[in-house]
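For reference, model23.pdb (PDB, C-alpha atoms):
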ATOM      1  CA  ALA A  14      21.060  -2.686  14.075
ATOM      2  CA  VAL A  15      21.416   0.826  15.480
ATOM      3  CA  ALA A  16      18.501   0.310  17.880
ATOM      4  CA  MET A  17      19.914  -3.031  19.057
ATOM      5  CA  SER A  18      23.162  -1.279  19.928
ATOM      6  CA  VAL A  19      21.326   1.011  22.358
ATOM      7  CA  LEU A  20      18.218  -0.701  23.791
ATOM      8  CA  PRO A  21      19.983  -3.604  25.594
ATOM      9  CA  LEU A  22      21.931  -1.030  27.606
ATOM     10  CA  PHE A  23      18.676  -0.023  29.307
ATOM     11  CA  ILE A  24      16.306  -3.016  29.184
ATOM     12  CA  ASP A  25      16.501  -6.807  29.139
ATOM     13  CA  PRO A  26      18.002  -7.950  25.805
ATOM     14  CA  ALA A  27      15.140 -10.370  25.102
ATOM     15  CA  ILE A  28      12.601  -7.564  25.561
ATOM     16  CA  ALA A  29      14.709  -5.330  23.303
ATOM     17  CA  VAL A  30      14.593  -7.976  20.561
ATOM     18  CA  ALA A  31      10.812  -8.315  20.989
ATOM     19  CA  LEU A  32      10.230  -4.559  20.823
ATOM     20  CA  LEU A  33      12.019  -4.355  17.476
ATOM     21  CA  THR A  34      10.002  -7.131  15.851
ATOM     22  CA  LEU A  35       7.205  -4.956  14.450
ATOM     23  CA  PRO A  36       9.557  -2.195  13.245
ATOM     24  CA  ILE A  37      11.621  -4.844  11.428
ATOM     25  CA  LEU A  38       8.513  -6.262   9.777
ATOM     26  CA  LEU A  39       6.863  -3.032   8.705
ATOM     27  CA  THR A  40       9.906  -1.045   7.606
ATOM     28  CA  ASN A  41      11.216  -3.902   5.488
ATOM     29  CA  ALA A  42       7.774  -4.675   4.038
ATOM     30  CA  GLN A  43       7.614  -1.065   2.884
ATOM     31  CA  GLN A  44      11.149  -1.330   1.526
ATOM     32  CA  VAL A  45      10.173  -4.342  -0.598
ATOM     33  CA  ILE A  46       6.810  -3.251  -1.995
ATOM     34  CA  THR A  47       8.044   0.239  -2.880
ATOM     35  CA  GLY A  48      11.082  -1.149  -4.700
ATOM     36  CA  GLU A  49      11.119  -1.315  -8.463
ATOM     37  CA  GLY A  50      10.676  -4.784  -9.951
ATOM     38  CA  TRP A  51      10.218  -6.507  -6.591
ATOM     39  CA  ARG A  52       7.980  -9.203  -8.070
ATOM     40  CA  LYS A  53      10.902 -10.394 -10.207
ATOM     41  CA  ILE A  54      13.597  -9.949  -7.562
ATOM     42  CA  VAL A  55      11.952 -11.623  -4.554
ATOM     43  CA  PRO A  56      11.522 -15.109  -6.145
ATOM     44  CA  GLN A  57      15.290 -15.269  -6.704
ATOM     45  CA  PHE A  58      15.755 -15.396  -2.917
ATOM     46  CA  TYR A  59      12.923 -17.738  -1.869
ATOM     47  CA  VAL A  60      15.322 -20.373  -0.481
ATOM     48  CA  ALA A  61      17.310 -17.916   1.645
ATOM     49  CA  GLY A  62      14.095 -16.223   2.767
ATOM     50  CA  GLY A  63      12.391 -19.475   3.693
ATOM     51  CA  LEU A  64      15.345 -20.746   5.704
ATOM     52  CA  THR A  65      15.827 -17.365   7.399
ATOM     53  CA  PHE A  66      12.182 -17.508   8.457
ATOM     54  CA  ALA A  67      12.277 -21.124   9.654
ATOM     55  CA  THR A  68      15.588 -20.894  11.524
ATOM     56  CA  THR A  69      14.678 -17.578  13.161
ATOM     57  CA  PHE A  70      11.320 -19.031  14.209
ATOM     58  CA  LEU A  71      12.950 -22.046  15.877
ATOM     59  CA  VAL A  72      15.894 -20.267  17.508
ATOM     60  CA  SER A  73      13.878 -17.318  18.866
ATOM     61  CA  GLN A  74      11.738 -19.664  20.982
ATOM     62  CA  PHE A  75      14.805 -20.428  23.101
ATOM     63  CA  LEU A  76      15.525 -16.730  23.726
ATOM     64  CA  PRO A  77      13.772 -16.465  27.135
ATOM     65  CA  LYS A  78      15.642 -19.560  28.372
ATOM     66  CA  ILE A  79      19.068 -18.090  27.643
ATOM     67  CA  PRO A  80      20.704 -15.932  30.371
ATOM     68  CA  SER A  81      20.644 -12.196  29.628
ATOM     69  CA  PRO A  82      24.469 -11.837  29.658
ATOM     70  CA  VAL A  83      24.729 -14.506  26.949
ATOM     71  CA  VAL A  84      22.092 -12.756  24.814
ATOM     72  CA  SER A  85      23.875  -9.420  25.332
ATOM     73  CA  GLY A  86      27.144 -11.040  24.286
ATOM     74  CA  VAL A  87      25.583 -12.467  21.127
ATOM     75  CA  ILE A  88      24.078  -9.085  20.243
ATOM     76  CA  GLY A  89      27.425  -7.391  20.904
ATOM     77  CA  VAL A  90      29.366  -9.811  18.723
ATOM     78  CA  THR A  91      26.765  -9.446  15.971
ATOM     79  CA  LEU A  92      27.027  -5.658  16.052
ATOM     80  CA  VAL A  93      30.819  -5.822  15.937
ATOM     81  CA  LEU A  94      30.700  -8.176  12.935
ATOM     82  CA  PHE A  95      28.154  -5.930  11.226
ATOM     83  CA  ALA A  96      30.250  -2.788  11.742
ATOM     84  CA  VAL A  97      33.566  -4.403  10.808
ATOM     85  CA  SER A  98      32.160  -6.061   7.681
ATOM     86  CA  ALA A  99      30.780  -2.714   6.514
ATOM     87  CA  MET A 100      33.993  -0.848   7.354
ATOM     88  CA  VAL A 101      36.310  -3.192   5.475
ATOM     89  CA  ASN A 102      33.748  -3.810   2.719
ATOM     90  CA  ILE A 103      34.039  -7.604   2.776
ATOM     91  CA  ARG A 104      33.558  -9.115  -0.681
ATOM     92  CA  LEU A 105      33.049 -12.864  -0.754
ATOM     93  CA  PRO A 106      32.784 -14.812  -4.040
ATOM     94  CA  VAL A 107      29.071 -15.447  -3.468
ATOM     95  CA  SER A 108      26.220 -16.194  -5.863
ATOM     96  CA  LYS A 109      22.483 -16.828  -5.810
ATOM     97  CA  SER A 110      23.111 -20.579  -5.945
ATOM     98  CA  LEU A 111      21.269 -23.026  -3.691
ATOM     99  CA  GLY A 112      24.304 -23.651  -1.490
ATOM    100  CA  TRP A 113      24.922 -19.997  -0.734
ATOM    101  CA  GLN A 114      21.247 -19.328  -0.043
ATOM    102  CA  ILE A 115      21.110 -22.250   2.393
ATOM    103  CA  ALA A 116      24.214 -20.985   4.201
ATOM    104  CA  VAL A 117      22.872 -17.432   4.413
ATOM    105  CA  GLY A 118      19.414 -18.527   5.531
ATOM    106  CA  LEU A 119      20.685 -20.793   8.315
ATOM    107  CA  SER A 120      23.329 -18.380   9.627
ATOM    108  CA  SER A 121      20.987 -15.382   9.480
ATOM    109  CA  GLY A 122      18.268 -17.254  11.337
ATOM    110  CA  LEU A 123      20.669 -18.504  13.990
ATOM    111  CA  ILE A 124      22.069 -15.041  14.688
ATOM    112  CA  GLY A 125      18.863 -13.110  14.085
ATOM    113  CA  GLY A 126      16.781 -15.361  16.319
ATOM    114  CA  LEU A 127      18.875 -14.270  19.293
ATOM    115  CA  SER A 128      19.742 -10.702  18.348
ATOM    116  CA  ALA A 129      17.344  -9.421  15.626
ATOM    117  CA  VAL A 130      20.489  -8.362  13.729
ATOM    118  CA  LYS A 131      21.071 -10.470  10.626
ATOM    119  CA  THR A 132      24.645  -9.659   9.684
ATOM    120  CA  PRO A 133      25.011 -12.505   7.114
ATOM    121  CA  ILE A 134      22.233 -10.968   5.020
ATOM    122  CA  MET A 135      24.042  -7.637   4.732
ATOM    123  CA  ILE A 136      27.374  -9.286   3.935
ATOM    124  CA  TYR A 137      25.725 -11.565   1.354
ATOM    125  CA  CYS A 138      23.666  -8.898  -0.424
ATOM    126  CA  THR A 139      26.616  -6.515  -0.493
ATOM    127  CA  ALA A 140      28.945  -9.194  -1.887
ATOM    128  CA  LEU A 141      26.463 -10.020  -4.681
ATOM    129  CA  ASN A 142      27.218  -6.576  -6.112
ATOM    130  CA  LEU A 143      23.554  -5.956  -6.932
ATOM    131  CA  SER A 144      22.089  -2.799  -8.375
ATOM    132  CA  ARG A 145      20.698  -0.314  -5.841
ATOM    133  CA  GLU A 146      17.081  -1.446  -6.333
ATOM    134  CA  GLU A 147      17.983  -5.133  -6.281
ATOM    135  CA  PHE A 148      19.923  -4.635  -3.052
ATOM    136  CA  ILE A 149      17.073  -2.740  -1.367
ATOM    137  CA  VAL A 150      14.449  -5.303  -2.358
ATOM    138  CA  SER A 151      16.488  -8.461  -1.711
ATOM    139  CA  ALA A 152      17.817  -7.329   1.669
ATOM    140  CA  GLY A 153      14.378  -6.036   2.644
ATOM    141  CA  PHE A 154      12.755  -9.350   1.712
ATOM    142  CA  LEU A 155      15.270 -11.405   3.709
ATOM    143  CA  PHE A 156      14.968  -9.124   6.749
ATOM    144  CA  PHE A 157      11.184  -9.284   6.446
ATOM    145  CA  SER A 158      11.287 -13.096   6.294
ATOM    146  CA  GLY A 159      13.357 -13.175   9.469
ATOM    147  CA  GLY A 160      11.011 -10.658  11.082
ATOM    148  CA  VAL A 161       8.002 -12.912  10.491
ATOM    149  CA  GLY A 162       9.849 -15.842  12.065
ATOM    150  CA  LEU A 163      10.907 -13.643  14.982
ATOM    151  CA  LEU A 164       7.355 -12.431  15.613
ATOM    152  CA  LEU A 165       5.874 -15.940  15.561
ATOM    153  CA  GLY A 166       8.679 -17.500  17.599
ATOM    154  CA  LEU A 167       8.674 -14.834  20.308
ATOM    155  CA  SER A 168       4.869 -14.915  20.440
ATOM    156  CA  LEU A 169       4.918 -18.678  21.095
ATOM    157  CA  ALA A 170       7.613 -18.131  23.735
ATOM    158  CA  ASP A 171       5.406 -15.414  25.312
ATOM    159  CA  VAL A 172       8.146 -12.807  24.978
ATOM    160  CA  PHE A 173       6.191 -10.786  22.443
ATOM    161  CA  ASN A 174       2.783 -10.445  24.102
ATOM    162  CA  PRO A 175      -0.128  -7.963  24.288
ATOM    163  CA  SER A 176       1.606  -5.985  27.041
ATOM    164  CA  LEU A 177       4.432  -5.137  24.619
ATOM    165  CA  LEU A 178       2.193  -4.369  21.639
ATOM    166  CA  SER A 179       1.583  -0.685  22.366
ATOM    167  CA  VAL A 180       5.289  -0.090  23.086
ATOM    168  CA  SER A 181       6.254  -1.915  19.902
ATOM    169  CA  ILE A 182       3.815   0.211  17.888
ATOM    170  CA  GLY A 183       5.523   3.245  19.386
ATOM    171  CA  ALA A 184       8.839   1.764  18.246
ATOM    172  CA  VAL A 185       7.433   1.514  14.709
ATOM    173  CA  ILE A 186       6.585   5.222  14.743
ATOM    174  CA  MET A 187      10.063   6.015  16.070
ATOM    175  CA  ALA A 188      11.643   3.793  13.393
ATOM    176  CA  PHE A 189       9.911   5.625  10.547
ATOM    177  CA  ALA A 190      10.717   8.974  12.185
ATOM    178  CA  GLY A 191      14.328   7.830  12.516
ATOM    179  CA  PHE A 192      14.499   7.123   8.794
ATOM    180  CA  GLN A 193      13.303  10.655   8.057
ATOM    181  CA  ILE A 194      15.725  12.228  10.546
ATOM    182  CA  GLY A 195      18.565  10.125   9.156
ATOM    183  CA  ALA A 196      17.733  11.286   5.647
ATOM    184  CA  LEU A 197      17.818  14.930   6.774
ATOM    185  CA  ILE A 198      21.162  14.456   8.538
ATOM    186  CA  ARG A 199      22.667  12.726   5.496
ATOM    187  CA  ARG A 200      21.693  15.698   3.358
ATOM    188  CA  ARG A 201      23.402  18.123   5.751
ATOM    189  CA  ILE A 202      26.705  16.311   6.322
ATOM    190  CA  ASN A 203      29.051  14.311   4.155
ATOM    191  CA  ALA A 204      27.548  10.872   3.481
ATOM    192  CA  THR A 205      30.878   9.106   4.043
ATOM    193  CA  LEU A 206      31.354  10.864   7.386
ATOM    194  CA  PHE A 207      27.809   9.981   8.464
ATOM    195  CA  ARG A 208      28.369   6.317   7.601
ATOM    196  CA  LYS A 209      31.678   6.208   9.476
ATOM    197  CA  LEU A 210      30.187   7.818  12.582
ATOM    198  CA  LEU A 211      27.293   5.366  12.550
ATOM    199  CA  LEU A 212      29.522   2.309  12.121
ATOM    200  CA  TRP A 213      32.017   3.426  14.770
ATOM    201  CA  THR A 214      29.160   4.021  17.210
ATOM    202  CA  MET A 215      27.830   0.521  16.581
ATOM    203  CA  LEU A 216      31.316  -0.970  16.919
ATOM    204  CA  ILE A 217      32.006   0.751  20.250
ATOM    205  CA  LEU A 218      28.596  -0.119  21.708
ATOM    206  CA  GLY A 219      28.936  -3.706  20.474
ATOM    207  CA  LEU A 220      32.331  -4.089  22.122
ATOM    208  CA  GLN A 221      30.921  -2.600  25.312
ATOM    209  CA  MET A 222      28.101  -5.165  25.334
ATOM    210  CA  VAL A 223      30.569  -8.013  24.815
ATOM    211  CA  LEU A 224      32.773  -6.805  27.676
ATOM    212  CA  LEU A 225      29.826  -6.318  30.036
ATOM    213  CA  SER A 226      28.514  -9.787  29.250
ATOM    214  CA  LEU A 227      31.857 -11.247  30.386
ATOM    215  CA  VAL A 228      31.854  -9.484  33.753
TER     216      VAL A 228
END
Have the structure of the file written as structure tokens, please.
Amino acid sequence: AVAMSVLPLFIDPAIAVALLTLPILLTNAQQVITGEGWRKIVPQFYVAGGLTFATTFLVSQFLPKIPSPVVSGVIGVTLVLFAVSAMVNIRLPVSKSLGWQIAVGLSSGLIGGLSAVKTPIMIYCTALNLSREEFIVSAGFLFFSGGVGLLLGLSLADVFNPSLLSVSIGAVIMAFAGFQIGALIRRRINATLFRKLLLWTMLILGLQMVLLSLV
């Protein structure tokens, strides 16, 4: 989400989404397989994961046909929703039931296929009030599922192609380095302050993208 708040300011939004595909896949795969009890947690979210994958796969194939200002606007709105939902700590009366998983899978795929930012997943997993490990594994699995759909969809649409592979691999290295830098910063400043600064940055950049897309 942080990267998507910056990259579209400098490059075409569709290319920005494509560049983040591999980092999304690999970082979330690591998040899942290093989580405790992931083999028991992941099956509880198969429906949401499957629909996130399928919807992202279908929607992402239309990405190159959508005008850049529209894509920028969608990304901006998604970032604003992400930041606001985290700031106000939205708590919906959700569950792991079939209905909720279908809703989360479809909405995440629709938004994520155009922006790579799956706000419904974060809202849903937060509202479930899971333990720390359950949250890490479940959110990682759902993001990973969407990442697979994004990779396949953008590959078929020829947005993610061999010419972007080396740059995307570089983005993976930067993503893992970013996690380490973020961890160091969090240890040096107040965690609440760090979170607020991050969310306010995303909110401001998201609003800027929305405004620019309307010009």
Problem set entry | Pick from A:Gln57, A:Ser226, A:Ser108, A:Ser181 nearest to Val83 of chain A, counting all atoms listed in the file |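 Using all atoms listed in the file, Val83 of chain A sits closest to A:Ser226.
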Exercise. Of the residues A:Ile46, A:Leu220, A:Leu38, A:Ile115, which is the one nearest to Tyr59 of chain A, using all atoms listed in the file?
Worked result: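 Of all the options, A:Ile115 lies closest to Tyr59 of chain A.
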If you apply the PyMOL selection byres ((chain A and resi 151) around 9) to this file, what residues do you get, as a short mmCIF file (atom, residue, chain, number, x, y, z; two decimals) with C-alpha atoms, in the frame of the given file?
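Done, and the output landed in part_38.cif:
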data_model
loop_
_atom_site.label_atom_id
_atom_site.label_comp_id
_atom_site.auth_asym_id
_atom_site.auth_seq_id
_atom_site.Cartn_x
_atom_site.Cartn_y
_atom_site.Cartn_z
CA VAL A 45 10.17 -4.34 -0.60
CA TRP A 51 10.22 -6.51 -6.59
CA ILE A 54 13.60 -9.95 -7.56
CA VAL A 55 11.95 -11.62 -4.55
CA GLN A 57 15.29 -15.27 -6.70
CA PHE A 58 15.76 -15.40 -2.92
CA CYS A 138 23.67 -8.90 -0.42
CA GLU A 146 17.08 -1.45 -6.33
CA GLU A 147 17.98 -5.13 -6.28
CA PHE A 148 19.92 -4.64 -3.05
CA ILE A 149 17.07 -2.74 -1.37
CA VAL A 150 14.45 -5.30 -2.36
CA ALA A 152 17.82 -7.33 1.67
CA GLY A 153 14.38 -6.04 2.64
CA PHE A 154 12.76 -9.35 1.71
CA LEU A 155 15.27 -11.40 3.71
CA PHE A 156 14.97 -9.12 6.75
#
For this session: List, as a VMD selection string, every residue that the PyMOL selection byres ((chain A and resi 99-107) around 10) selects in the file provided.
Result: chain A and resid 93 to 98 108 to 110 112 to 114 132 135 to 142 208 to 209 212 to 213 216
For this session: Point out the residue among A:Pro82, A:Gly89, A:Pro77, A:Gly62 with the least atom-to-atom distance to Ser121 of chain A, counting only C-alpha atoms.
Result: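 Among the listed residues, A:Gly62 lies closest to Ser121 of chain A.
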Problem set entry | Length of the atom CA of Leu211 of chain A to atom CA of Ser158 of chain A vector [Å] | 25.2 Å
Exercise. Of the residues A:Val130, A:Leu39, A:Leu76, A:Val30, which is the one nearest to Ala170 of chain A, using only C-alpha atoms?
Worked result: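 The closest residue to Ala170 of chain A is A:Leu76.
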Quick one: 6 Å padding each side, axis-aligned, all listed atoms of segment 42-50 of chain A - centre and edge lengths in Å to one decimal, as AutoDock Vina command-line options?
--center_x 9.0 --center_y -2.3 --center_z -3.0 --size_x 16.3 --size_y 17.0 --size_z 26.0
For this session: Specify as number ranges by chain each residue included when the PyMOL selection byres ((chain A and resi 68) around 10) is applied to this file.
Result: A: 63-67, 69-73, 118-126, 159, 162-163, 166
Could you model N, CA, C and O atoms for segment 141-154 of chain A and present them as a compact mmCIF listing (two decimals), in the frame of the given file?
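The resulting out_18.txt:
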# COMPACT_ATOMS: atom_id res chain seq x y z
N LEU A 141 27.07 -9.67 -3.39
CA LEU A 141 26.46 -10.02 -4.68
C LEU A 141 26.63 -8.90 -5.71
O LEU A 141 26.40 -9.12 -6.91
N ASN A 142 27.00 -7.72 -5.22
CA ASN A 142 27.22 -6.58 -6.11
C ASN A 142 25.97 -6.29 -6.95
O ASN A 142 26.03 -6.13 -8.18
N LEU A 143 24.84 -6.20 -6.28
CA LEU A 143 23.55 -5.96 -6.93
C LEU A 143 23.39 -4.47 -7.26
O LEU A 143 24.10 -3.62 -6.73
N SER A 144 22.44 -4.20 -8.13
CA SER A 144 22.09 -2.80 -8.38
C SER A 144 21.42 -2.25 -7.11
O SER A 144 21.02 -3.01 -6.23
N ARG A 145 21.27 -0.94 -7.04
CA ARG A 145 20.70 -0.31 -5.84
C ARG A 145 19.31 -0.87 -5.54
O ARG A 145 19.01 -1.24 -4.41
N GLU A 146 18.45 -0.96 -6.54
CA GLU A 146 17.08 -1.45 -6.33
C GLU A 146 17.07 -2.92 -5.95
O GLU A 146 16.31 -3.34 -5.09
N GLU A 147 17.91 -3.71 -6.61
CA GLU A 147 17.98 -5.13 -6.28
C GLU A 147 18.44 -5.33 -4.84
O GLU A 147 17.93 -6.19 -4.13
N PHE A 148 19.42 -4.53 -4.42
CA PHE A 148 19.92 -4.64 -3.05
C PHE A 148 18.83 -4.29 -2.05
O PHE A 148 18.61 -5.01 -1.06
N ILE A 149 18.12 -3.18 -2.28
CA ILE A 149 17.07 -2.74 -1.37
C ILE A 149 15.98 -3.79 -1.24
O ILE A 149 15.54 -4.13 -0.14
N VAL A 150 15.54 -4.33 -2.37
CA VAL A 150 14.45 -5.30 -2.36
C VAL A 150 14.89 -6.64 -1.76
O VAL A 150 14.19 -7.21 -0.92
N SER A 151 16.04 -7.15 -2.19
CA SER A 151 16.49 -8.46 -1.71
C SER A 151 16.79 -8.44 -0.22
O SER A 151 16.36 -9.32 0.53
N ALA A 152 17.52 -7.43 0.24
CA ALA A 152 17.82 -7.33 1.67
C ALA A 152 16.54 -7.12 2.47
O ALA A 152 16.34 -7.73 3.53
N GLY A 153 15.65 -6.28 1.96
CA GLY A 153 14.38 -6.04 2.64
C GLY A 153 13.55 -7.30 2.76
O GLY A 153 12.95 -7.58 3.81
N PHE A 154 13.51 -8.09 1.68
CA PHE A 154 12.76 -9.35 1.71
C PHE A 154 13.33 -10.33 2.73
O PHE A 154 12.59 -10.97 3.49
